[in-house]
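Next up, final31.cif (mmCIF, C-alpha atoms):
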data_data
#
loop_
_atom_site.label_atom_id
_atom_site.label_comp_id
_atom_site.auth_asym_id
_atom_site.auth_seq_id
_atom_site.Cartn_x
_atom_site.Cartn_y
_atom_site.Cartn_z
CA MET A 1 0.00 0.00 0.00
CA THR A 2 2.77 2.39 0.92
CA ALA A 3 4.44 1.83 -2.41
CA THR A 4 1.68 3.65 -4.21
CA GLN A 5 1.50 6.71 -2.04
CA GLN A 6 4.12 8.66 -3.93
CA ASN A 7 2.34 7.96 -7.20
CA GLU A 8 -1.11 8.95 -6.03
CA PRO A 9 -0.87 12.69 -6.73
CA ALA A 10 -0.26 12.00 -10.45
CA THR A 11 -3.42 14.11 -10.81
CA LYS A 12 -6.12 11.90 -12.22
CA GLN A 13 -7.60 14.85 -14.10
CA ALA A 14 -4.44 15.14 -16.18
CA ILE A 15 -4.73 11.60 -17.54
CA PRO A 16 -6.04 11.57 -21.11
CA SER A 17 -9.06 9.35 -21.61
CA ALA A 18 -7.18 7.52 -24.36
CA LEU A 19 -5.26 5.81 -21.56
CA VAL A 20 -8.38 4.33 -19.97
CA TYR A 21 -8.57 0.61 -20.69
CA GLU A 22 -11.90 -0.02 -19.02
CA VAL A 23 -14.20 1.25 -16.28
CA LEU A 24 -14.89 -1.12 -13.39
CA ASN A 25 -17.29 -0.22 -10.59
CA GLY A 26 -17.00 3.42 -11.55
CA ARG A 27 -13.21 3.51 -11.49
CA PRO A 28 -11.31 4.21 -14.69
CA LEU A 29 -8.56 1.62 -15.07
CA TYR A 30 -5.56 2.72 -17.05
CA TYR A 31 -3.28 0.81 -19.34
CA ARG A 32 -0.27 -0.66 -17.61
CA GLY A 33 2.58 1.79 -18.18
CA TYR A 34 0.30 4.83 -18.45
CA ARG A 35 2.37 6.77 -15.94
CA GLU A 36 5.44 6.47 -18.08
CA VAL A 37 3.43 7.79 -21.02
CA ILE A 38 2.44 10.84 -18.99
CA GLU A 39 5.83 11.45 -17.47
CA ARG A 40 7.72 11.08 -20.73
CA LYS A 41 4.98 12.70 -22.81
CA LEU A 42 4.71 9.68 -25.08
CA ASN A 43 1.81 8.78 -27.32
CA PRO A 44 -0.78 6.49 -25.73
CA GLU A 45 -0.04 4.03 -28.55
CA TYR A 46 3.19 3.34 -26.74
CA VAL A 47 1.38 1.21 -24.14
CA MET A 48 -1.96 0.29 -25.69
CA GLY A 49 -0.89 -2.68 -27.77
CA SER A 50 -0.75 -6.28 -26.63
CA SER A 51 2.46 -8.17 -26.12
CA SER A 52 3.31 -10.61 -28.89
CA LEU A 53 2.53 -13.63 -26.73
CA GLN A 54 -0.73 -12.11 -25.54
CA ALA A 55 -1.80 -11.22 -29.08
CA LEU A 56 -0.92 -14.71 -30.30
CA LEU A 57 -2.79 -16.37 -27.47
CA VAL A 58 -5.90 -14.30 -28.11
CA SER A 59 -5.73 -15.07 -31.85
CA LEU A 60 -5.25 -18.79 -31.36
CA ILE A 61 -7.96 -19.09 -28.73
CA TYR A 62 -10.39 -17.04 -30.78
CA GLY A 63 -9.67 -19.13 -33.86
CA PHE A 64 -10.12 -22.33 -31.90
CA VAL A 65 -13.44 -21.24 -30.44
CA ALA A 66 -14.67 -19.97 -33.82
CA VAL A 67 -14.07 -23.39 -35.37
CA ASN A 68 -15.14 -25.58 -32.46
CA ARG A 69 -18.49 -24.04 -31.61
CA ASP A 70 -22.11 -24.69 -32.37
CA LYS A 71 -22.41 -22.17 -35.20
CA ARG A 72 -26.17 -21.99 -34.92
CA LYS A 73 -25.98 -20.94 -31.31
CA TYR A 74 -22.82 -19.05 -30.51
CA LEU A 75 -20.83 -16.18 -31.90
CA PRO A 76 -17.38 -15.38 -30.54
CA VAL A 77 -15.97 -11.86 -30.84
CA THR A 78 -12.49 -10.59 -30.07
CA ASN A 79 -10.30 -7.49 -30.28
CA GLU A 80 -11.01 -6.15 -26.79
CA ALA A 81 -14.73 -6.24 -27.34
CA GLY A 82 -16.33 -3.48 -25.32
CA VAL A 83 -19.10 -4.65 -23.04
CA HIS A 84 -21.25 -1.89 -21.60
CA LEU A 85 -22.80 -3.40 -18.49
CA ASP A 86 -24.13 -0.25 -16.90
CA LEU A 87 -23.13 3.38 -16.45
CA ASN A 88 -20.24 2.46 -14.18
CA ASN A 89 -18.98 -0.61 -15.96
CA ASN A 90 -17.49 -0.69 -19.42
CA LEU A 91 -15.35 -3.76 -19.59
CA SER A 92 -13.05 -5.02 -22.28
CA CYS A 93 -13.04 -8.69 -23.25
CA ASP A 94 -10.27 -10.43 -25.14
CA VAL A 95 -12.68 -13.11 -26.35
CA ALA A 96 -16.40 -12.93 -25.60
CA ILE A 97 -18.84 -15.60 -26.68
CA PHE A 98 -22.39 -14.40 -27.21
CA GLU A 99 -25.50 -16.39 -27.72
CA LYS A 100 -27.03 -15.70 -31.13
CA GLY A 101 -30.33 -13.90 -31.09
CA THR A 102 -29.62 -12.08 -27.84
CA PHE A 103 -28.10 -8.92 -29.30
CA ASP A 104 -28.35 -6.41 -32.10
CA ILE A 105 -25.29 -5.34 -34.01
CA THR A 106 -24.69 -1.64 -33.62
CA THR A 107 -21.75 0.70 -33.93
CA LYS A 108 -21.55 0.88 -30.14
CA TYR A 109 -20.41 -1.39 -27.33
CA PHE A 110 -22.30 -4.59 -26.76
CA ASP A 111 -24.98 -3.92 -24.20
CA VAL A 112 -25.95 -7.53 -23.62
CA THR A 113 -23.96 -9.93 -21.51
CA PRO A 114 -21.79 -12.51 -23.21
CA LYS A 115 -22.23 -16.09 -22.06
CA ILE A 116 -18.54 -16.80 -21.74
CA VAL A 117 -15.53 -14.50 -21.44
CA ILE A 118 -11.91 -15.51 -22.02
CA GLU A 119 -9.23 -13.11 -20.83
CA VAL A 120 -5.52 -13.33 -21.59
CA ASP A 121 -3.23 -11.73 -19.01
CA VAL A 122 -3.73 -8.40 -17.28
CA LYS A 123 -3.31 -5.20 -19.27
CA ILE A 124 -4.16 -2.56 -16.70
CA ASP A 125 -2.11 -0.63 -14.19
CA LEU A 126 -2.69 -2.25 -10.81
CA THR A 127 -2.19 0.73 -8.53
CA ASP A 128 -5.88 0.75 -7.55
CA PHE A 129 -5.62 -2.94 -6.69
CA ASP A 130 -2.76 -2.69 -4.24
CA GLY A 131 -0.46 -3.86 -7.02
CA GLU A 132 -2.02 -7.31 -7.09
CA GLU A 133 -3.30 -8.93 -10.25
CA PHE A 134 -5.50 -11.27 -8.31
CA ASN A 135 -7.47 -8.42 -6.75
CA TYR A 136 -8.31 -7.13 -10.23
CA VAL A 137 -9.01 -10.60 -11.62
CA ALA A 138 -11.39 -11.32 -8.73
CA GLU A 139 -13.26 -8.03 -9.01
CA LYS A 140 -13.66 -8.09 -12.80
CA THR A 141 -14.73 -11.73 -12.73
CA GLN A 142 -17.33 -11.04 -10.04
CA LYS A 143 -18.65 -8.05 -11.99
CA LEU A 144 -19.06 -10.20 -15.09
CA PHE A 145 -20.96 -12.77 -13.01
CA ASP A 146 -23.16 -10.06 -11.48
CA PHE A 147 -24.27 -9.22 -15.00
CA GLY A 148 -24.96 -12.79 -15.99
CA VAL A 149 -21.78 -14.18 -17.55
CA GLU A 150 -21.77 -17.92 -16.95
CA ARG A 151 -18.09 -18.73 -17.21
CA VAL A 152 -14.88 -16.73 -17.14
CA LEU A 153 -11.46 -18.07 -18.11
CA TRP A 154 -8.21 -16.22 -17.43
CA VAL A 155 -5.23 -17.46 -19.39
CA LEU A 156 -2.14 -16.36 -17.49
CA SER A 157 0.99 -16.65 -19.58
CA LYS A 158 3.54 -15.95 -16.84
CA SER A 159 2.44 -18.88 -14.71
CA ARG A 160 1.23 -20.90 -17.75
CA ARG A 161 -2.03 -21.54 -16.02
CA VAL A 162 -5.68 -21.00 -16.64
CA LEU A 163 -8.16 -19.84 -14.03
CA LEU A 164 -11.59 -21.32 -14.58
CA ALA A 165 -14.40 -19.54 -12.76
CA ALA A 166 -18.17 -19.98 -12.63
CA PRO A 167 -20.61 -18.07 -10.41
CA GLY A 168 -20.99 -19.38 -6.88
CA GLN A 169 -18.37 -22.10 -7.35
CA ASP A 170 -14.80 -22.58 -6.26
CA TRP A 171 -12.37 -21.36 -8.87
CA ILE A 172 -9.92 -23.80 -10.39
CA PHE A 173 -6.38 -22.89 -11.39
CA THR A 174 -4.93 -25.48 -13.69
CA TYR A 175 -1.85 -25.78 -15.90
CA TRP A 176 -2.51 -24.71 -19.45
CA ARG A 177 -1.33 -28.10 -20.66
CA ASN A 178 -4.60 -29.51 -19.27
CA ASP A 179 -7.88 -29.68 -21.18
CA ILE A 180 -10.27 -26.92 -20.26
CA PRO A 181 -13.97 -27.05 -21.06
CA VAL A 182 -15.15 -23.79 -22.64
CA MET A 183 -18.62 -24.93 -23.71
CA ASP A 184 -20.31 -28.00 -25.13
CA GLY A 185 -18.07 -29.59 -27.71
CA CYS A 186 -15.32 -27.03 -27.23
CA VAL A 187 -12.43 -28.13 -25.04
CA LEU A 188 -9.41 -25.87 -25.02
CA ASN A 189 -5.83 -26.94 -24.53
CA VAL A 190 -3.64 -23.85 -24.65
CA LYS A 191 -0.31 -25.66 -24.74
CA GLN A 192 -1.48 -27.84 -27.61
CA LEU A 193 -2.57 -24.76 -29.57
CA LEU A 194 0.86 -23.20 -29.12
CA ASP A 195 2.65 -26.45 -29.94
CA GLU A 196 0.59 -27.04 -33.08
CA GLU A 197 1.63 -23.63 -34.35
CA GLU A 198 5.23 -24.40 -33.33
CA ILE A 199 5.37 -21.29 -31.23
CA ALA A 200 8.29 -21.16 -28.84
CA TYR A 201 7.60 -19.20 -25.67
CA MET B 1 6.41 -1.88 -18.70
CA VAL B 2 5.38 -0.26 -15.46
CA SER B 3 8.49 -1.68 -13.92
CA LEU B 4 10.89 0.25 -16.13
CA ALA B 5 11.25 3.11 -13.70
CA GLU B 6 11.49 0.76 -10.77
CA GLU B 7 14.25 -1.31 -12.29
CA THR B 8 16.57 1.65 -12.16
CA TYR B 9 16.97 1.10 -8.42
CA GLN B 10 20.30 -0.54 -7.88
CA THR B 11 19.97 -3.85 -6.10
CA GLU B 12 23.14 -3.06 -4.19
CA ALA B 13 21.55 0.02 -2.71
CA VAL B 14 18.75 -1.92 -1.03
CA PRO B 15 19.63 -2.60 2.60
CA GLU B 16 19.40 -6.19 3.72
CA SER B 17 16.85 -5.31 6.37
CA LEU B 18 14.34 -4.80 3.56
CA ILE B 19 14.65 -8.40 2.39
CA TYR B 20 11.65 -10.50 3.40
CA GLU B 21 12.86 -13.78 1.97
CA THR B 22 15.08 -15.20 -0.76
CA LEU B 23 13.45 -17.40 -3.35
CA ASN B 24 15.54 -19.38 -5.83
CA GLY B 25 18.46 -17.06 -5.15
CA ARG B 26 16.49 -13.85 -5.65
CA PRO B 27 16.05 -11.48 -2.73
CA LEU B 28 12.40 -10.51 -2.32
CA TYR B 29 11.83 -7.15 -0.69
CA TYR B 30 9.04 -6.02 1.55
CA ARG B 31 6.15 -4.40 -0.22
CA GLY B 32 6.74 -0.65 -0.13
CA TYR B 33 10.52 -0.93 -0.02
CA GLN B 34 10.88 1.55 -2.85
CA HIS B 35 8.91 4.06 -0.87
CA VAL B 36 11.33 3.54 2.00
CA LEU B 37 14.32 4.03 -0.30
CA ALA B 38 12.87 7.03 -2.11
CA ASN B 39 11.92 8.83 1.10
CA GLN B 40 14.81 7.60 3.23
CA LEU B 41 12.48 6.12 5.81
CA ASN B 42 13.30 3.46 8.35
CA PRO B 43 12.56 -0.11 7.28
CA GLU B 44 10.26 -0.31 10.33
CA THR B 45 7.68 1.77 8.47
CA ILE B 46 6.85 -1.22 6.27
CA VAL B 47 8.12 -4.48 7.76
CA GLY B 48 5.18 -4.90 10.12
CA SER B 49 1.99 -6.77 9.28
CA SER B 50 -1.30 -5.03 8.62
CA ASP B 51 -3.89 -5.06 11.41
CA LEU B 52 -6.13 -7.53 9.58
CA GLN B 53 -3.20 -9.75 8.60
CA SER B 54 -1.90 -10.03 12.14
CA ILE B 55 -5.37 -10.62 13.61
CA ILE B 56 -6.13 -13.36 11.11
CA ILE B 57 -2.82 -15.04 11.92
CA THR B 58 -3.47 -14.72 15.66
CA ILE B 59 -6.94 -16.24 15.36
CA LEU B 60 -5.58 -19.02 13.15
CA VAL B 61 -2.89 -19.96 15.62
CA GLY B 62 -5.24 -19.74 18.59
CA THR B 63 -7.77 -21.97 16.86
CA LEU B 64 -5.30 -24.48 15.46
CA TRP B 65 -3.62 -24.80 18.87
CA ASN B 66 -6.76 -26.48 20.19
CA ARG B 67 -7.67 -28.42 17.08
CA ILE B 68 -4.51 -30.22 16.06
CA ASP B 69 -3.09 -33.22 17.85
CA ARG B 70 -0.26 -31.47 19.66
CA LYS B 71 1.39 -34.74 20.59
CA THR B 72 1.94 -35.42 16.90
CA TYR B 73 2.15 -31.96 15.41
CA GLN B 74 4.00 -28.78 16.27
CA LEU B 75 2.51 -25.42 15.42
CA ALA B 76 4.83 -22.51 14.61
CA THR B 77 4.19 -18.89 13.65
CA ASN B 78 5.79 -15.43 13.59
CA GLU B 79 7.24 -15.67 10.07
CA SER B 80 8.97 -18.96 10.74
CA GLY B 81 12.17 -19.09 8.72
CA LEU B 82 12.51 -22.11 6.48
CA HIS B 83 16.02 -22.74 5.25
CA ILE B 84 15.37 -24.74 2.11
CA ALA B 85 18.78 -24.47 0.47
CA ILE B 86 21.53 -21.94 0.04
CA GLY B 87 19.86 -18.93 -1.56
CA ASP B 88 16.44 -20.21 -0.63
CA ASN B 89 15.10 -18.97 2.69
CA LEU B 90 11.36 -18.68 2.90
CA SER B 91 9.10 -17.33 5.58
CA ALA B 92 5.90 -19.04 6.74
CA ASP B 93 3.12 -17.20 8.56
CA VAL B 94 1.82 -20.42 10.11
CA ALA B 95 3.52 -23.81 9.79
CA ILE B 96 2.50 -27.21 11.10
CA PHE B 97 5.36 -29.67 11.55
CA ASP B 98 5.41 -33.36 12.15
CA LYS B 99 6.99 -33.56 15.62
CA ALA B 100 8.82 -36.76 14.76
CA ARG B 101 10.67 -35.02 11.92
CA LEU B 102 11.46 -31.90 13.85
CA GLY B 103 13.90 -33.44 16.29
CA LYS B 104 15.91 -31.27 18.62
CA LEU B 105 15.60 -27.54 17.96
CA LYS B 106 18.83 -25.73 17.12
CA GLY B 107 17.98 -22.05 17.54
CA LYS B 108 18.26 -21.55 13.78
CA TYR B 109 15.90 -21.57 10.80
CA PHE B 110 13.91 -24.76 10.36
CA ASP B 111 15.69 -27.10 7.98
CA VAL B 112 12.97 -29.73 7.80
CA PRO B 113 9.79 -29.11 5.82
CA PRO B 114 6.54 -28.41 7.62
CA LYS B 115 3.63 -30.59 6.63
CA ILE B 116 1.37 -27.61 6.11
CA VAL B 117 1.99 -23.92 5.49
CA ILE B 118 -0.65 -21.21 5.83
CA GLU B 119 0.15 -17.80 4.37
CA VAL B 120 -1.91 -14.71 5.05
CA ASP B 121 -1.66 -12.04 2.34
CA ILE B 122 1.45 -11.10 0.41
CA LYS B 123 4.12 -9.10 2.15
CA ILE B 124 6.66 -8.81 -0.62
CA ASP B 125 6.80 -6.50 -3.60
CA PRO B 126 5.94 -8.98 -6.36
CA THR B 127 6.85 -6.68 -9.26
CA GLY B 128 10.17 -8.33 -10.05
CA MET B 129 8.58 -11.77 -9.77
CA GLY B 130 6.03 -11.16 -12.51
CA GLY B 131 3.22 -10.34 -10.13
CA ASP B 132 1.44 -11.75 -7.13
CA MET B 133 0.10 -14.86 -8.83
CA ALA B 134 3.52 -15.78 -10.18
CA TYR B 135 4.90 -15.30 -6.64
CA ILE B 136 2.24 -17.55 -5.13
CA ALA B 137 2.98 -20.19 -7.79
CA GLU B 138 6.74 -20.07 -7.36
CA LYS B 139 6.85 -19.94 -3.57
CA SER B 140 4.30 -22.74 -3.25
CA GLN B 141 6.22 -24.88 -5.73
CA GLU B 142 9.41 -24.30 -3.77
CA LEU B 143 7.63 -25.35 -0.58
CA PHE B 144 6.40 -28.51 -2.34
CA ASN B 145 9.92 -29.25 -3.59
CA PHE B 146 11.04 -28.96 0.04
CA GLY B 147 8.43 -31.52 1.08
CA VAL B 148 5.43 -29.46 2.20
CA GLU B 149 2.19 -31.32 1.52
CA ARG B 150 -0.35 -28.53 1.45
CA VAL B 151 -0.20 -24.75 1.20
CA PHE B 152 -3.00 -22.28 1.92
CA TRP B 153 -3.01 -18.61 0.95
CA ILE B 154 -5.61 -16.54 2.74
CA LEU B 155 -6.12 -13.32 0.74
CA SER B 156 -7.95 -10.79 2.88
CA SER B 157 -8.45 -8.17 0.16
CA ILE B 158 -10.70 -10.50 -1.84
CA GLN B 159 -11.78 -12.70 1.10
CA LYS B 160 -10.70 -15.85 -0.62
CA ILE B 161 -8.49 -18.83 0.17
CA ILE B 162 -6.30 -20.61 -2.35
CA ILE B 163 -5.68 -24.27 -1.55
CA LEU B 164 -2.64 -25.81 -3.20
CA GLN B 165 -1.29 -29.35 -3.27
CA PRO B 166 1.58 -30.73 -5.35
CA ASP B 167 0.66 -31.50 -8.96
CA GLN B 168 -2.99 -30.71 -8.44
CA ASP B 169 -5.19 -27.92 -9.68
CA TRP B 170 -5.43 -25.06 -7.24
CA ILE B 171 -8.79 -24.37 -5.70
CA THR B 172 -9.84 -20.85 -4.83
CA THR B 173 -12.78 -20.64 -2.47
CA ASP B 174 -14.55 -17.89 -0.55
CA TRP B 175 -13.38 -17.62 3.03
CA ARG B 176 -16.94 -18.09 4.23
CA ASN B 177 -16.58 -21.75 3.19
CA ASP B 178 -15.18 -24.52 5.40
CA VAL B 179 -11.62 -25.47 4.53
CA THR B 180 -9.95 -28.71 5.62
CA ILE B 181 -6.49 -27.89 6.91
CA MET B 182 -5.67 -31.47 7.83
CA ASP B 183 -7.48 -34.57 9.01
CA GLY B 184 -9.92 -33.61 11.73
CA CYS B 185 -9.16 -29.90 11.45
CA ILE B 186 -11.59 -27.75 9.51
CA LEU B 187 -11.51 -23.95 9.61
CA ASN B 188 -13.98 -21.33 8.57
CA ILE B 189 -12.22 -17.98 8.47
CA LYS B 190 -15.32 -15.82 8.20
CA GLN B 191 -16.92 -17.61 11.13
CA LEU B 192 -13.77 -17.21 13.22
CA LEU B 193 -13.64 -13.48 12.48
CA ASP B 194 -17.36 -13.13 13.20
CA GLU B 195 -17.07 -14.99 16.50
CA GLU B 196 -14.42 -12.53 17.61
CA GLU B 197 -16.62 -9.68 16.38
CA ILE B 198 -13.87 -8.35 14.14
CA ALA B 199 -15.12 -5.72 11.71
CA TYR B 200 -13.16 -5.49 8.48
#
So, in terms of structure tokens, how does the structure I just supplied come out?
Amino acid sequence: MTATQQNEPATKQAIPSALVYEVLNGRPLYYRGYREVIERKLNPEYVMGSSSLQALLVSLIYGFVAVNRDKRKYLPVTNEAGVHLDLNNNLSCDVAIFEKGTFDITTKYFDVTPKIVIEVDVKIDLTDFDGEEFNYVAEKTQKLFDFGVERVLWVLSKSRRVLLAAPGQDWIFTYWRNDIPVMDGCVLNVKQLLDEEEIAY
Amino acid sequence: MVSLAEETYQTEAVPESLIYETLNGRPLYYRGYQHVLANQLNPETIVGSSDLQSIIITILVGTLWNRIDRKTYQLATNESGLHIAIGDNLSADVAIFDKARLGKLKGKYFDVPPKIVIEVDIKIDPTGMGGDMAYIAEKSQELFNFGVERVFWILSSIQKIIILQPDQDWITTDWRNDVTIMDGCILNIKQLLDEEEIAY
């Protein structure tokens, strides 16, 4: 907690909105590295992109889900899909799987809840979460459940694990070499996806 | 990326008193150590536990004292030092040892593995480790390599408990749920806090 005190006065008003990654329970959450952008007067583009591993993981997982789904029922979207839950919650999803027929396509954020959300790593600055990823992961996951998401997966590349969470149940952390059920007929194995593409990591 | 500025601190300039433990040869500093360095404070401003952390540990020890078989098991607390190997000295908030393995005490760090370790919150700065979850994974794995059979992490900020066993999936459960620490010893953290009328 003390570690953040010196950073606190980095006047929140001075932070350009381009550096906001999402809004969770009314709090704007900034891209990891946003302070460096402000201090060194860099362009926001300096921190907004994904890491190569993160981008690859999102692509592979999205591709896998797109192929291995019930096409009549489900539609996966990617690219940090904006999900507008309410006035205080605009969340970003790496892969969100919607049920067909539950939403209209507009030029705005989705305003219906996806059925399943798959996140890859943490992109935000964690100052508001006492520096701990898990605090953010827990709060975002709970918020998604509050709005009706039925399953949330977090693929965590540093520990090569996947967190599997469903509302009201214990959460499971498993190695990404293990099979992970996403939905009927769609079982994800992250390591296998990487190996098949001969990606060294 | 956020760590760029922080990496400019020279490791040599960090006093040893700010080291909480050493894991796989890496010194791990108390959370807030950079604040201490930047503002030239005494290490004592950060090395203590938070109020909630120390109360949870106290209640845990008080409860376990009466629930474990003390003829067979030895309870230890107060950041018990575990000397795992050279360059590997870990700290345990609560540890339960098999008395038979413990033998005669030597006035030094424990050099036999506890059967069970219970950690309450994270006291180190996990930035250099790749974050809190990577720290939990690596420290727990090191404890398993040493011979520990079960590790619990009680995380007060999200009121959850992570239960870890070697080569098994980790389970994360709400602290209002019953958790089996060992045979015949089940704890319910929320209930224990409620019984003591602790507001948090």
Worksheet entry | Result set, the PyMOL selection byres ((chain A and resi 135) around 10) on current file, as a VMD selection string | (chain A and resid 126 128 to 134 136 to 141) or (chain B and resid 132 155 to 159)
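If you measure from each of A:Leu42, A:Leu60, A:Val83, A:Ile124 to Pro28 of chain A using all atoms listed in the file, the closest one turns out to be A:Ile124.
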Item to complete: List the residues matched by the PyMOL selection byres ((chain A) within 6 of (chain B)) in the displayed structure as a ChimeraX atom specification, ordered by chain and then by residue number.
Response: /A:2-3,33,132,159,170-174
For this file, the PyMOL selection byres ((chain A and resi 94-108) around 7) selects which residues, as an mmCIF file with C-alpha atoms, in the frame of the given file?
data_model
loop_
_atom_site.group_PDB
_atom_site.id
_atom_site.type_symbol
_atom_site.label_atom_id
_atom_site.label_comp_id
_atom_site.auth_asym_id
_atom_site.auth_seq_id
_atom_site.Cartn_x
_atom_site.Cartn_y
_atom_site.Cartn_z
ATOM 1 C CA VAL A 58 -5.900 -14.300 -28.110
ATOM 2 C CA TYR A 62 -10.390 -17.040 -30.780
ATOM 3 C CA LYS A 73 -25.980 -20.940 -31.310
ATOM 4 C CA TYR A 74 -22.820 -19.050 -30.510
ATOM 5 C CA LEU A 75 -20.830 -16.180 -31.900
ATOM 6 C CA PRO A 76 -17.380 -15.380 -30.540
ATOM 7 C CA VAL A 77 -15.970 -11.860 -30.840
ATOM 8 C CA THR A 78 -12.490 -10.590 -30.070
ATOM 9 C CA ASN A 79 -10.300 -7.490 -30.280
ATOM 10 C CA GLU A 80 -11.010 -6.150 -26.790
ATOM 11 C CA ALA A 81 -14.730 -6.240 -27.340
ATOM 12 C CA SER A 92 -13.050 -5.020 -22.280
ATOM 13 C CA CYS A 93 -13.040 -8.690 -23.250
ATOM 14 C CA TYR A 109 -20.410 -1.390 -27.330
ATOM 15 C CA PHE A 110 -22.300 -4.590 -26.760
ATOM 16 C CA VAL A 112 -25.950 -7.530 -23.620
ATOM 17 C CA PRO A 114 -21.790 -12.510 -23.210
ATOM 18 C CA LYS A 115 -22.230 -16.090 -22.060
ATOM 19 C CA ILE A 116 -18.540 -16.800 -21.740
ATOM 20 C CA VAL A 117 -15.530 -14.500 -21.440
ATOM 21 C CA ILE A 118 -11.910 -15.510 -22.020
ATOM 22 C CA GLU A 119 -9.230 -13.110 -20.830
ATOM 23 C CA VAL A 120 -5.520 -13.330 -21.590
#
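Atom CA of Ile19 of chain B lies 18.6 Å from atom CA of Thr77 of chain B.
For the pair atom CA of Ala95 of chain B and atom CA of Leu163 of chain A, the separation is 26.8 Å.
Interatomic distance, atom CA of Gly168 of chain A to atom CA of Phe145 of chain A: 9.0 Å.
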